[in-house]
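J.: To be precise about what I am sending: the file is called work-v6.txt and holds compact mmCIF, C-alpha atoms.
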```txt
# COMPACT_ATOMS: atom_id res chain seq x y z
CA MET A 17 -129.63 -182.04 106.28
CA GLU A 18 -128.87 -183.99 103.06
CA ARG A 19 -125.21 -184.69 102.47
CA ILE A 20 -123.31 -184.37 99.21
CA LEU A 21 -119.74 -185.45 98.51
CA VAL A 22 -118.05 -183.60 95.65
CA VAL A 23 -115.11 -185.47 94.08
CA ASP A 24 -112.93 -183.52 91.65
CA ASP A 25 -109.17 -183.10 91.31
CA GLU A 26 -109.66 -179.37 90.64
CA VAL A 27 -109.76 -177.45 93.92
CA GLU A 28 -111.69 -174.59 92.35
CA VAL A 29 -114.42 -176.93 91.11
CA CYS A 30 -114.82 -178.31 94.63
CA ASN A 31 -114.91 -174.78 96.04
CA VAL A 32 -117.51 -173.39 93.67
CA LEU A 33 -119.77 -176.46 93.95
CA LYS A 34 -119.48 -176.39 97.73
CA GLU A 35 -120.43 -172.71 97.79
CA PHE A 36 -123.40 -173.23 95.47
CA LEU A 37 -124.79 -176.39 97.06
CA ALA A 38 -124.28 -175.04 100.59
CA SER A 39 -126.35 -171.99 99.57
CA LYS A 40 -129.12 -174.50 98.74
CA ASP A 41 -128.91 -175.91 102.27
CA TYR A 42 -126.98 -179.09 101.58
CA GLU A 43 -124.13 -180.31 103.76
CA VAL A 44 -121.21 -180.46 101.35
CA HIS A 45 -117.95 -182.39 101.67
CA THR A 46 -115.15 -182.52 99.12
CA ALA A 47 -112.42 -184.92 98.03
CA LEU A 48 -109.62 -184.18 95.56
CA ASP A 49 -109.05 -187.80 94.50
CA GLY A 50 -110.70 -191.18 94.32
CA SER A 51 -109.06 -192.87 97.28
CA THR A 52 -109.84 -189.90 99.59
CA ALA A 53 -113.44 -190.09 98.37
CA ILE A 54 -113.67 -193.81 99.23
CA SER A 55 -112.20 -193.26 102.67
CA LYS A 56 -114.70 -190.43 103.32
CA LEU A 57 -117.74 -192.54 102.41
CA LYS A 58 -118.20 -194.13 105.85
CA GLU A 59 -117.45 -190.89 107.67
CA VAL A 60 -119.72 -188.63 105.57
CA ARG A 61 -122.41 -191.17 104.52
CA PRO A 62 -123.45 -189.00 101.56
CA HIS A 63 -126.86 -189.20 99.91
CA ILE A 64 -125.31 -187.98 96.66
CA VAL A 65 -121.79 -188.11 95.21
CA LEU A 66 -120.85 -185.70 92.42
CA LEU A 67 -118.04 -187.53 90.69
CA ASP A 68 -115.68 -186.31 87.97
CA ILE A 69 -114.95 -189.10 85.47
CA ILE A 70 -111.45 -188.06 84.45
CA MET A 71 -109.10 -187.90 87.43
CA PRO A 72 -105.47 -188.83 87.85
CA GLY A 73 -104.87 -192.08 89.73
CA MET A 74 -108.17 -193.81 90.49
CA ASP A 75 -110.58 -192.57 87.82
CA GLY A 76 -114.29 -191.88 88.22
CA ILE A 77 -115.37 -195.29 86.90
CA ASP A 78 -113.22 -197.14 89.48
CA VAL A 79 -114.50 -194.88 92.26
CA LEU A 80 -118.09 -195.50 91.11
CA LYS A 81 -117.59 -199.28 91.37
CA GLU A 82 -116.18 -198.89 94.90
CA ILE A 83 -119.04 -196.61 95.99
CA LYS A 84 -121.63 -199.06 94.66
CA ALA A 85 -119.85 -201.90 96.47
CA VAL A 86 -119.96 -199.96 99.77
CA ASP A 87 -123.56 -198.70 99.45
CA HIS A 88 -125.57 -199.14 96.28
CA THR A 89 -128.25 -196.67 97.44
CA ILE A 90 -125.90 -193.68 97.16
CA GLY A 91 -126.88 -191.63 94.14
CA VAL A 92 -123.83 -191.03 91.99
CA ILE A 93 -123.93 -188.21 89.44
CA MET A 94 -121.02 -188.32 87.04
CA VAL A 95 -119.45 -185.14 85.68
CA THR A 96 -117.89 -185.40 82.25
CA ALA A 97 -116.40 -183.35 79.45
CA VAL A 98 -118.48 -183.17 76.29
CA ALA A 99 -116.33 -185.70 74.44
CA ASP A 100 -116.80 -188.42 77.05
CA HIS A 101 -120.37 -189.50 76.29
CA GLU A 102 -119.32 -193.11 75.74
CA LEU A 103 -117.67 -193.20 79.14
CA ALA A 104 -120.71 -191.59 80.73
CA ARG A 105 -122.99 -194.25 79.20
CA ARG A 106 -120.74 -196.91 80.66
CA ALA A 107 -121.05 -195.23 84.06
CA ILE A 108 -124.84 -195.39 83.82
CA GLU A 109 -124.59 -199.12 83.04
CA LEU A 110 -122.47 -199.48 86.18
CA GLY A 111 -125.15 -197.88 88.34
CA ALA A 112 -124.58 -194.11 88.13
CA TYR A 113 -127.83 -192.18 88.50
CA ASP A 114 -127.10 -189.55 85.87
CA TYR A 115 -124.32 -187.59 84.25
CA ILE A 116 -123.88 -183.93 83.55
CA THR A 117 -121.50 -182.35 81.10
CA LYS A 118 -119.01 -179.54 81.49
CA PRO A 119 -119.44 -176.65 81.64
CA MET A 120 -122.01 -177.35 84.32
CA ASP A 121 -125.33 -175.54 84.39
CA LEU A 122 -125.86 -174.92 88.10
CA ASN A 123 -129.66 -174.71 87.80
CA TYR A 124 -129.73 -178.08 86.03
CA LEU A 125 -127.37 -179.52 88.65
CA GLU A 126 -129.69 -178.33 91.43
CA THR A 127 -132.66 -180.02 89.75
CA VAL A 128 -130.85 -183.34 89.22
CA VAL A 129 -129.60 -183.35 92.84
CA MET A 130 -133.05 -182.48 94.19
CA VAL A 131 -134.80 -185.22 92.19
CA LYS A 132 -132.28 -187.84 93.32
CA ILE A 133 -132.50 -186.71 96.97
CA ILE A 134 -136.30 -187.11 96.86
CA ASP A 135 -135.77 -190.55 95.31
CA VAL A 136 -133.18 -191.61 97.94
CA LEU A 137 -135.22 -190.36 100.89
CA GLY A 138 -138.34 -191.98 99.48
CA MET B 24 -65.34 -192.22 -10.83
CA ASP B 25 -68.03 -189.62 -10.96
CA THR B 26 -70.61 -192.38 -10.80
CA ASP B 27 -68.89 -193.81 -7.71
CA LYS B 28 -68.86 -190.39 -6.09
CA ALA B 29 -72.50 -189.91 -6.93
CA SER B 30 -73.27 -193.36 -5.53
CA ASP B 31 -71.31 -192.58 -2.31
CA SER B 32 -73.01 -189.26 -1.97
CA SER B 33 -76.46 -190.84 -2.58
CA LEU B 34 -75.67 -193.55 -0.03
CA ASN B 35 -74.55 -190.94 2.49
CA THR B 36 -77.73 -188.93 2.00
CA THR B 37 -79.87 -192.05 2.48
CA GLN B 38 -77.86 -192.98 5.53
CA LEU B 39 -78.15 -189.49 6.88
CA LYS B 40 -81.91 -189.50 6.32
CA GLN B 41 -82.09 -192.84 8.09
CA TYR B 42 -79.96 -191.51 10.96
CA ALA B 43 -82.14 -188.45 11.18
CA GLN B 44 -85.25 -190.62 11.18
CA ASP B 45 -83.76 -192.91 13.84
CA LEU B 46 -82.73 -189.92 15.89
CA ALA B 47 -86.23 -188.46 15.61
CA GLU B 48 -87.68 -191.80 16.75
CA VAL B 49 -85.25 -191.96 19.67
CA TYR B 50 -86.02 -188.34 20.56
CA LYS B 51 -89.77 -189.00 20.35
CA SER B 52 -89.45 -192.12 22.45
CA GLU B 53 -87.27 -190.30 24.99
CA ARG B 54 -89.74 -187.44 25.11
CA GLU B 55 -92.61 -189.86 25.78
CA LYS B 56 -90.60 -191.64 28.45
CA ARG B 57 -89.75 -188.31 30.01
CA LYS B 58 -93.43 -187.35 30.00
CA GLU B 59 -94.29 -190.68 31.64
CA LEU B 60 -91.55 -190.16 34.21
CA GLU B 61 -92.74 -186.63 34.91
CA ALA B 62 -96.32 -187.89 35.34
CA ALA B 63 -95.15 -190.68 37.66
CA TYR B 64 -93.03 -188.18 39.61
CA GLY B 65 -96.01 -185.83 39.85
CA GLU B 66 -98.20 -188.65 41.17
CA LEU B 67 -95.52 -189.67 43.67
CA GLN B 68 -95.14 -186.07 44.79
CA GLN B 69 -98.92 -185.80 45.18
CA THR B 70 -99.04 -189.04 47.20
CA LYS B 71 -96.14 -187.82 49.33
CA ASP B 72 -97.90 -184.47 49.94
CA MET B 73 -101.09 -186.29 50.90
CA LEU B 74 -99.21 -188.58 53.29
CA VAL B 75 -97.39 -185.66 54.88
CA GLN B 76 -100.68 -183.78 55.16
CA SER B 77 -102.41 -186.85 56.59
CA GLU B 78 -99.71 -187.36 59.24
CA LYS B 79 -99.59 -183.65 60.04
CA LEU B 80 -103.36 -183.40 60.45
CA ALA B 81 -103.52 -186.57 62.55
CA ALA B 82 -100.89 -185.11 64.91
CA ILE B 83 -102.68 -181.76 65.03
CA GLY B 84 -105.94 -183.61 65.64
CA ARG B 85 -104.58 -185.47 68.65
CA LEU B 86 -103.07 -182.29 70.05
CA THR B 87 -106.14 -180.12 69.55
CA ALA B 88 -108.52 -182.71 71.00
CA GLY B 89 -106.31 -182.89 74.09
CA VAL B 90 -106.15 -179.11 74.36
CA ALA B 91 -109.92 -178.82 73.81
CA HIS B 92 -110.51 -181.28 76.63
CA GLU B 93 -108.15 -179.47 78.99
CA ILE B 94 -109.64 -176.06 78.18
CA LEU B 95 -113.04 -177.26 79.36
CA ASN B 96 -111.84 -177.54 82.96
CA PRO B 97 -110.96 -173.86 83.48
CA VAL B 98 -113.92 -172.85 81.32
CA ASN B 99 -116.15 -174.90 83.61
CA ILE B 100 -114.84 -173.08 86.67
CA ILE B 101 -115.20 -169.62 85.09
CA SER B 102 -118.70 -170.48 83.87
CA MET B 103 -119.83 -171.68 87.32
CA ARG B 104 -118.32 -168.61 89.02
CA LEU B 105 -120.20 -166.34 86.60
CA GLN B 106 -123.43 -168.24 87.27
CA LEU B 107 -122.92 -167.82 91.03
CA LEU B 108 -122.17 -164.13 90.56
CA LYS B 109 -125.33 -163.69 88.52
CA MET B 110 -127.36 -165.11 91.41
CA THR B 111 -126.23 -162.19 93.59
CA GLU B 112 -129.23 -159.92 94.05
CA ASP B 113 -127.66 -156.47 94.41
CA LEU B 114 -125.63 -156.48 91.17
CA SER B 115 -125.48 -153.24 89.20
CA ASP B 116 -126.71 -153.17 85.59
CA ARG B 117 -123.13 -152.60 84.48
CA ALA B 118 -121.94 -155.71 86.29
CA ARG B 119 -124.81 -157.78 84.84
CA GLU B 120 -123.91 -156.56 81.34
CA ALA B 121 -120.26 -157.50 81.93
CA ILE B 122 -121.32 -161.00 83.05
CA ARG B 123 -123.52 -161.35 79.96
CA ILE B 124 -120.57 -160.46 77.70
CA CYS B 125 -118.27 -162.87 79.54
CA GLU B 126 -120.85 -165.66 79.20
CA ASN B 127 -121.19 -165.01 75.46
CA GLN B 128 -117.43 -165.17 75.00
CA LEU B 129 -117.28 -168.36 77.07
CA SER B 130 -119.90 -169.85 74.75
CA ARG B 131 -117.56 -169.14 71.83
CA ILE B 132 -114.74 -170.98 73.57
CA ILE B 133 -117.05 -173.89 74.35
CA GLU B 134 -118.20 -174.12 70.73
CA ILE B 135 -114.60 -174.16 69.48
CA SER B 136 -113.68 -176.80 72.08
CA LYS B 137 -116.62 -178.96 71.01
CA ASP B 138 -115.62 -178.64 67.35
CA LEU B 139 -112.02 -179.53 68.10
CA GLY B 140 -113.08 -182.54 70.13
CA GLN B 141 -115.20 -183.88 67.29
CA PHE B 142 -112.35 -185.47 65.41
CA SER B 143 -112.32 -188.30 67.96
CA ARG B 144 -112.38 -191.75 66.40
CA ILE B 145 -115.50 -193.16 64.80
CA HIS B 146 -117.13 -195.69 67.11
CA GLU B 147 -117.93 -199.04 65.55
CA LYS B 148 -121.40 -199.11 67.09
CA GLN B 149 -122.36 -195.92 65.23
CA ILE B 150 -121.54 -197.49 61.89
CA THR B 151 -124.46 -198.73 59.81
CA MET B 152 -124.77 -199.85 56.20
CA CYS B 153 -125.99 -196.82 54.26
CA ASP B 154 -127.10 -195.91 50.78
CA LEU B 155 -125.17 -192.78 49.70
CA LYS B 156 -128.27 -191.64 47.85
CA ASP B 157 -130.20 -191.47 51.16
CA VAL B 158 -127.33 -189.77 53.01
CA ILE B 159 -126.81 -187.06 50.37
CA GLY B 160 -130.56 -186.76 49.82
CA HIS B 161 -131.12 -186.09 53.51
CA VAL B 162 -128.49 -183.34 53.55
CA LEU B 163 -130.00 -181.72 50.44
CA THR B 164 -133.46 -181.82 52.00
CA LEU B 165 -132.10 -180.08 55.09
CA GLY B 166 -130.22 -177.50 53.02
CA ALA B 167 -132.90 -177.00 50.33
CA PRO B 168 -134.50 -173.82 51.79
CA GLN B 169 -131.11 -172.08 52.08
CA LEU B 170 -129.93 -173.23 48.63
CA LYS B 171 -133.20 -172.03 47.10
CA LYS B 172 -132.93 -168.69 48.89
CA GLU B 173 -129.41 -168.25 47.49
CA GLY B 174 -130.60 -169.08 43.96
CA ILE B 175 -128.40 -172.16 43.66
CA THR B 176 -129.24 -174.83 41.08
CA ILE B 177 -128.69 -178.37 42.34
CA ASP B 178 -127.56 -180.98 39.85
CA VAL B 179 -127.33 -184.44 41.42
CA GLN B 180 -126.64 -187.74 39.72
CA TYR B 181 -126.33 -190.95 41.68
CA HIS B 182 -124.50 -193.82 40.01
CA PRO B 183 -126.95 -196.72 39.81
CA GLY B 184 -126.16 -199.92 41.65
CA LEU B 185 -123.60 -198.60 44.14
CA PRO B 186 -123.29 -200.93 47.14
CA LEU B 187 -124.39 -199.97 50.64
CA ILE B 188 -121.38 -198.69 52.56
CA PRO B 189 -120.56 -198.67 56.27
CA LEU B 190 -120.88 -195.13 57.62
CA ASP B 191 -121.47 -193.11 60.73
CA LYS B 192 -124.37 -191.47 58.91
CA ASN B 193 -124.54 -188.32 61.05
CA ARG B 194 -120.81 -187.67 60.69
CA ILE B 195 -120.82 -188.12 56.90
CA GLU B 196 -123.87 -185.87 56.64
CA GLN B 197 -121.92 -183.30 58.65
CA VAL B 198 -119.05 -183.48 56.11
CA ILE B 199 -121.35 -183.06 53.10
CA LEU B 200 -123.27 -180.25 54.79
CA ASN B 201 -120.00 -178.50 55.53
CA ILE B 202 -118.81 -178.70 51.92
CA ILE B 203 -122.19 -177.48 50.65
CA SER B 204 -122.14 -174.62 53.16
CA ASN B 205 -118.67 -173.56 51.95
CA ALA B 206 -119.81 -173.86 48.34
CA THR B 207 -122.84 -171.66 49.09
CA ALA B 208 -120.59 -168.97 50.57
CA ALA B 209 -118.15 -169.21 47.64
CA MET B 210 -120.99 -168.73 45.11
CA ALA B 211 -122.60 -165.78 46.91
CA ASP B 212 -121.50 -163.15 44.37
CA GLN B 213 -121.35 -165.37 41.28
CA ALA B 214 -123.69 -164.96 38.30
CA THR B 215 -123.92 -168.73 37.76
CA LYS B 216 -124.60 -170.76 40.87
CA VAL B 217 -124.56 -174.51 40.33
CA LEU B 218 -123.90 -177.18 42.94
CA ARG B 219 -123.07 -180.47 41.22
CA ILE B 220 -122.98 -183.77 43.09
CA ARG B 221 -122.01 -187.12 41.60
CA THR B 222 -121.44 -190.56 43.05
CA LYS B 223 -119.56 -193.33 41.29
CA PRO B 224 -117.38 -196.36 41.97
CA ALA B 225 -113.76 -195.29 42.52
CA SER B 226 -112.34 -198.80 42.41
CA GLU B 227 -113.44 -202.33 43.24
CA ASP B 228 -113.66 -201.52 46.94
CA HIS B 229 -114.14 -197.75 47.08
CA VAL B 230 -116.86 -195.31 46.11
CA LEU B 231 -116.43 -191.64 45.28
CA ILE B 232 -118.55 -188.60 46.08
CA HIS B 233 -117.71 -185.61 43.92
CA ILE B 234 -119.11 -182.22 44.95
CA SER B 235 -118.30 -179.21 42.78
CA ASP B 236 -119.43 -175.61 42.70
CA THR B 237 -119.17 -172.58 40.43
CA GLY B 238 -117.76 -170.37 43.16
CA THR B 239 -114.50 -168.46 43.32
CA GLY B 240 -112.33 -171.57 43.68
CA ILE B 241 -109.46 -172.23 46.06
CA GLY B 242 -106.60 -169.73 46.14
CA GLN B 243 -103.15 -170.66 44.84
CA GLY B 244 -101.21 -172.28 47.65
CA ASP B 245 -104.33 -172.97 49.73
CA ILE B 246 -105.00 -176.44 48.26
CA THR B 247 -102.63 -178.03 50.75
CA THR B 248 -103.73 -175.96 53.75
CA ILE B 249 -107.52 -175.78 53.46
CA PHE B 250 -107.88 -178.83 55.73
CA ASP B 251 -105.69 -177.28 58.44
CA PRO B 252 -107.46 -176.22 61.63
CA PHE B 253 -108.49 -172.55 61.72
CA PHE B 254 -107.94 -172.13 57.97
CA THR B 255 -110.66 -169.79 56.78
CA THR B 256 -111.29 -167.14 54.16
CA LYS B 257 -114.40 -165.98 56.01
CA ARG B 258 -114.76 -163.24 58.61
CA PRO B 259 -114.28 -164.35 62.26
CA ASP B 260 -118.01 -164.10 62.96
CA GLN B 261 -118.84 -166.35 59.99
CA GLY B 262 -117.05 -169.47 61.12
CA THR B 263 -114.23 -170.90 63.19
CA GLY B 264 -112.27 -172.39 60.28
CA LEU B 265 -112.66 -175.87 61.70
CA GLY B 266 -115.24 -177.30 59.30
CA LEU B 267 -112.88 -178.86 56.76
CA PHE B 268 -110.46 -179.97 59.48
CA ILE B 269 -113.31 -181.84 61.18
CA SER B 270 -114.46 -183.20 57.81
CA TYR B 271 -110.94 -184.45 57.05
CA ASN B 272 -110.77 -186.29 60.37
CA ILE B 273 -114.23 -187.80 59.96
CA ILE B 274 -113.31 -189.19 56.53
CA GLN B 275 -109.96 -190.46 57.85
CA GLY B 276 -111.90 -192.11 60.70
CA HIS B 277 -113.86 -194.02 58.06
CA GLY B 278 -110.65 -195.18 56.39
CA GLY B 279 -111.33 -192.88 53.43
CA ARG B 280 -109.70 -189.90 51.71
CA ILE B 281 -110.85 -186.36 51.02
CA TRP B 282 -109.14 -183.85 48.76
CA ALA B 283 -109.90 -180.70 46.84
CA GLU B 284 -109.11 -179.28 43.41
CA ASN B 285 -110.14 -176.30 41.35
CA ASN B 286 -112.46 -177.20 38.48
CA GLU B 287 -112.88 -176.04 34.89
CA CYS B 288 -115.74 -173.69 35.91
CA GLY B 289 -113.34 -171.78 38.18
CA GLY B 290 -114.98 -173.21 41.28
CA ALA B 291 -113.88 -175.82 43.80
CA SER B 292 -114.34 -179.58 43.62
CA PHE B 293 -114.23 -181.84 46.65
CA PHE B 294 -113.67 -185.57 46.34
CA ILE B 295 -114.56 -188.03 49.08
CA GLU B 296 -113.42 -191.60 48.62
CA LEU B 297 -114.92 -194.11 51.02
CA PRO B 298 -114.20 -197.82 51.46
CA VAL B 299 -116.98 -200.32 50.81
CA ILE B 300 -115.84 -202.23 53.89
CA THR B 301 -114.64 -200.60 57.11
CA PRO B 302 -111.00 -200.86 58.18
CA VAL B 303 -112.27 -202.89 61.17
CA GLN B 304 -114.13 -205.34 58.90
CA SER B 305 -111.14 -205.46 56.59
CA GLN B 306 -108.81 -206.27 59.51
CA ARG B 307 -111.19 -208.99 60.72
CA SER B 308 -111.42 -210.68 57.35
CA LEU B 309 -107.63 -210.45 57.08
CA GLU B 310 -107.30 -212.13 60.48
CA ARG B 311 -109.72 -214.82 59.36
CA GLU B 312 -107.67 -215.40 56.21
CA ILE B 313 -104.50 -215.69 58.28
```
Show me the file's structure as structure tokens.

T.:
Amino acid sequence: MERILVVDDEVEVCNVLKEFLASKDYEVHTALDGSTAISKLKEVRPHIVLLDIIMPGMDGIDVLKEIKAVDHTIGVIMVTAVADHELARRAIELGAYDYITKPMDLNYLETVVMVKIIDVLG
Amino acid sequence: MDTDKASDSSLNTTQLKQYAQDLAEVYKSEREKRKELEAAYGELQQTKDMLVQSEKLAAIGRLTAGVAHEILNPVNIISMRLQLLKMTEDLSDRAREAIRICENQLSRIIEISKDLGQFSRIHEKQITMCDLKDVIGHVLTLGAPQLKKEGITIDVQYHPGLPLIPLDKNRIEQVILNIISNATAAMADQATKVLRIRTKPASEDHVLIHISDTGTGIGQGDITTIFDPFFTTKRPDQGTGLGLFISYNIIQGHGGRIWAENNECGGASFFIELPVITPVQSQRSLEREI
């Protein structure tokens, strides 16, 4: 089963994404901050990380750099508010696979995740 | 004796005439000085009002952009929950209708949040050297079908030889489109519908766009508040009242000024003054000089 790590400081975002992605037969793990996400990488070994850009403490860009340093094959999909396009572009330059904007369209999210999973699994 | 008296009296009359003349001159001069002072005071007052308005709108802009950003988080959660709910197979028609209404209302919130977030600073990389003629021309081409449908006559005159100016073209087009859209609404019930656009140099280092209409004009007391967020004279379903607020912030982001006045036709006139060099360029050349 493909594994996804959802990183967002909003508990409800983690809950709803977990519920949705689990219904699509993914194994879903969550982290409420950047450092927890980094520490879960080795334990979970996710194929995909859904990563919020704006978080208190370690922000999404810092977490992205750490993830890429640990395993560059992990597909990182950034989640951003509409006004953060510049930041999202920077994330892509740093190796993020894609970015999706809030409010998230779950059907679009499913497609992006599926395409990246196929890519990762070859 | 009589002759002396007559001479004294004649001298007094001449003196009096002279005094009167001098007094009239002094009075005239004082009156002119007073007029000049009143004009200078009026200009100072206007500058002060503009500065106060500028600071007020900048503060509101920062606040609203922050709020807009924060609102998106709960909206995101509600939106995803509704999407999940909609995926449930055994939902009643009533429940589906309720979800549809909730989604529509969420879309309204999202649109307002997007509008409020738009004031964010102009990025240097989006700035290109533009010909105002092309920028305005593009907006008029886009708006032509609507303006024609409304029976509006367009009268445009571009000042020849204006320099290219550094603009975020899309943002400036958005400002002009917004003013034209407001003008169109203001002229809806008017017998004469003329949209007049002029460009000209405002000073050595600024250019001016002047857009005027023959609409109903700006209400007394609204001149200083029309750029405030949520100021609108339209019905709620016809706009959010953010257009001019966004326009104000876009022009400020370019280091320019925008203001409005009523014109002699009874309509509204909008003035946009833009610098020929960007504040960033200006700062750089200043640093080089230093």

J.: With only C-alpha atoms as the basis for distance, which of A:Leu137, A:Ile116, A:Leu37, A:Ile83 is at the shortest distance from Val65 (chain A)?

T.: A:Ile83

J.: Hey, could you make a per-residue contact list for chain B against chain A with 10 Å as the cut-off, showing the nearest pair of atoms and its distance in Å to one decimal, counting all atoms listed in the file, sorted by chain and number, as CSV?

T.:
```
residue,atom,partner,partner_atom,distance
B:Ala88,CA,A:Ala99,CA,9.0
B:Ala91,CA,A:Ala99,CA,9.4
B:His92,CA,A:Ala97,CA,6.9
B:Glu93,CA,A:Ala97,CA,9.1
B:Leu95,CA,A:Lys118,CA,6.7
B:Asn96,CA,A:Lys118,CA,7.6
B:Pro97,CA,A:Val29,CA,8.9
B:Val98,CA,A:Pro119,CA,6.7
B:Asn99,CA,A:Pro119,CA,4.2
B:Ile100,CA,A:Val29,CA,5.9
B:Ile101,CA,A:Pro119,CA,8.9
B:Ser102,CA,A:Pro119,CA,6.6
B:Met103,CA,A:Met120,CA,6.8
B:Arg104,CA,A:Val32,CA,6.7
B:Gln106,CA,A:Leu122,CA,7.2
B:Leu107,CA,A:Phe36,CA,7.0
B:Met110,CA,A:Phe36,CA,9.9
B:Leu129,CA,A:Pro119,CA,9.7
B:Ser130,CA,A:Pro119,CA,9.7
B:Ile133,CA,A:Pro119,CA,8.2
B:Ser136,CA,A:Val98,CA,9.0
B:Lys137,CA,A:Val98,CA,7.0
B:Leu139,CA,A:Ala99,CA,9.8
B:Gly140,CA,A:Ala99,CA,6.3
B:Gln141,CA,A:Ala99,CA,7.5
B:Phe142,CA,A:Ala99,CA,9.9
B:Ser143,CA,A:Ala99,CA,8.1
B:His146,CA,A:Glu102,CA,9.3
```

J.: Using only C-alpha atoms, pick whichever of B:Leu60, B:Cys288, B:Ile274, B:Ile295 has the shortest atom-to-atom distance to Ile232 (chain B).

T.: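 Checking each of B:Leu60, B:Cys288, B:Ile274, B:Ile295 against Ile232 (chain B), counting only C-alpha atoms, the winner is B:Ile295.
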
J.: Please indicate the distance in Å from CA of Thr255 (chain B) to CA of Met210 (chain B), rounded to one decimal place.

T.: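 About the pair CA of Thr255 (chain B) and CA of Met210 (chain B): they are 15.6 Å apart.
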
J.: Mind giving me the straight-line distance from CA of Lys81 (chain A) to CA of Leu110 (chain A) in Å, one decimal?

T.: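 That distance, rounded to one decimal, is 7.1 Å.
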
J.: Have a look at A:Val128, A:Val44, A:Ala38, A:Ala85 and name the one nearest to Arg19 (chain A); count all atoms listed in the file.

T.: A:Val44

J.: Enclose the full set of atoms of region 248-255 of chain B listed in the file within a box whose edges lie along x, y and z, apply 5 Å of padding to each of the six sides, and report centre and edge lengths in Å to one decimal as JSON.

T.:
```
{"center_x": -107.2, "center_y": -174.3, "center_z": 57.6, "size_x": 16.9, "size_y": 19.0, "size_z": 18.3}
```

J.: Here is a test: counting all atoms listed in the file, which residue of A:Gly111, A:Gly76, A:Pro62, A:Gly50 is nearest to Ile20 (chain A)?

T.: A:Pro62

J.: From the set B:Ile159, B:Pro189, B:Thr247, B:Glu112, which residue has the shortest atom-to-atom contact distance to Lys71 (chain B), counting only C-alpha atoms?

T.: B:Thr247

J.: Would you mind listing what lies within 7 Å of Asp68 (chain A) as a PyMOL selection string, with all atoms listed in the file counted and same-chain residues fewer than 3 positions away left out?

T.: chain A and resi 23-24+71+76+94-96

J.: Keeping C-alpha atoms, export the residues of the selection given above as a short mmCIF file (atom, residue, chain, number, x, y, z; two decimals), in the frame of the given file.

T.:
```cif
data_model
loop_
_atom_site.label_atom_id
_atom_site.label_comp_id
_atom_site.auth_asym_id
_atom_site.auth_seq_id
_atom_site.Cartn_x
_atom_site.Cartn_y
_atom_site.Cartn_z
CA VAL A 23 -115.11 -185.47 94.08
CA ASP A 24 -112.93 -183.52 91.65
CA MET A 71 -109.10 -187.90 87.43
CA GLY A 76 -114.29 -191.88 88.22
CA MET A 94 -121.02 -188.32 87.04
CA VAL A 95 -119.45 -185.14 85.68
CA THR A 96 -117.89 -185.40 82.25
#
```

J.: For a test of reading the model, state the distance in Å between CA of Val131 (chain A) and CA of His63 (chain A), rounded to one decimal.

T.: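 We find that CA of Val131 (chain A) and CA of His63 (chain A) lie 11.8 Å from each other.
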
J.: Tell me, as a PyMOL selection string, which residues lie within 6 Å of region 233-237 of chain B, counting only C-alpha atoms; anything in the same chain fewer than 2 positions away does not count.

T.: chain B and resi 206+216-221+288+290-294

J.: Can you write just those residues out, C-alpha atoms, as a PDB file, in the coordinates of the input?

T.:
```pdb
ATOM      1  CA  ALA B 206    -119.810-173.860  48.340  1.00  0.00           C
ATOM      2  CA  LYS B 216    -124.600-170.760  40.870  1.00  0.00           C
ATOM      3  CA  VAL B 217    -124.560-174.510  40.330  1.00  0.00           C
ATOM      4  CA  LEU B 218    -123.900-177.180  42.940  1.00  0.00           C
ATOM      5  CA  ARG B 219    -123.070-180.470  41.220  1.00  0.00           C
ATOM      6  CA  ILE B 220    -122.980-183.770  43.090  1.00  0.00           C
ATOM      7  CA  ARG B 221    -122.010-187.120  41.600  1.00  0.00           C
ATOM      8  CA  CYS B 288    -115.740-173.690  35.910  1.00  0.00           C
ATOM      9  CA  GLY B 290    -114.980-173.210  41.280  1.00  0.00           C
ATOM     10  CA  ALA B 291    -113.880-175.820  43.800  1.00  0.00           C
ATOM     11  CA  SER B 292    -114.340-179.580  43.620  1.00  0.00           C
ATOM     12  CA  PHE B 293    -114.230-181.840  46.650  1.00  0.00           C
ATOM     13  CA  PHE B 294    -113.670-185.570  46.340  1.00  0.00           C
TER      14      PHE B 294
END
```
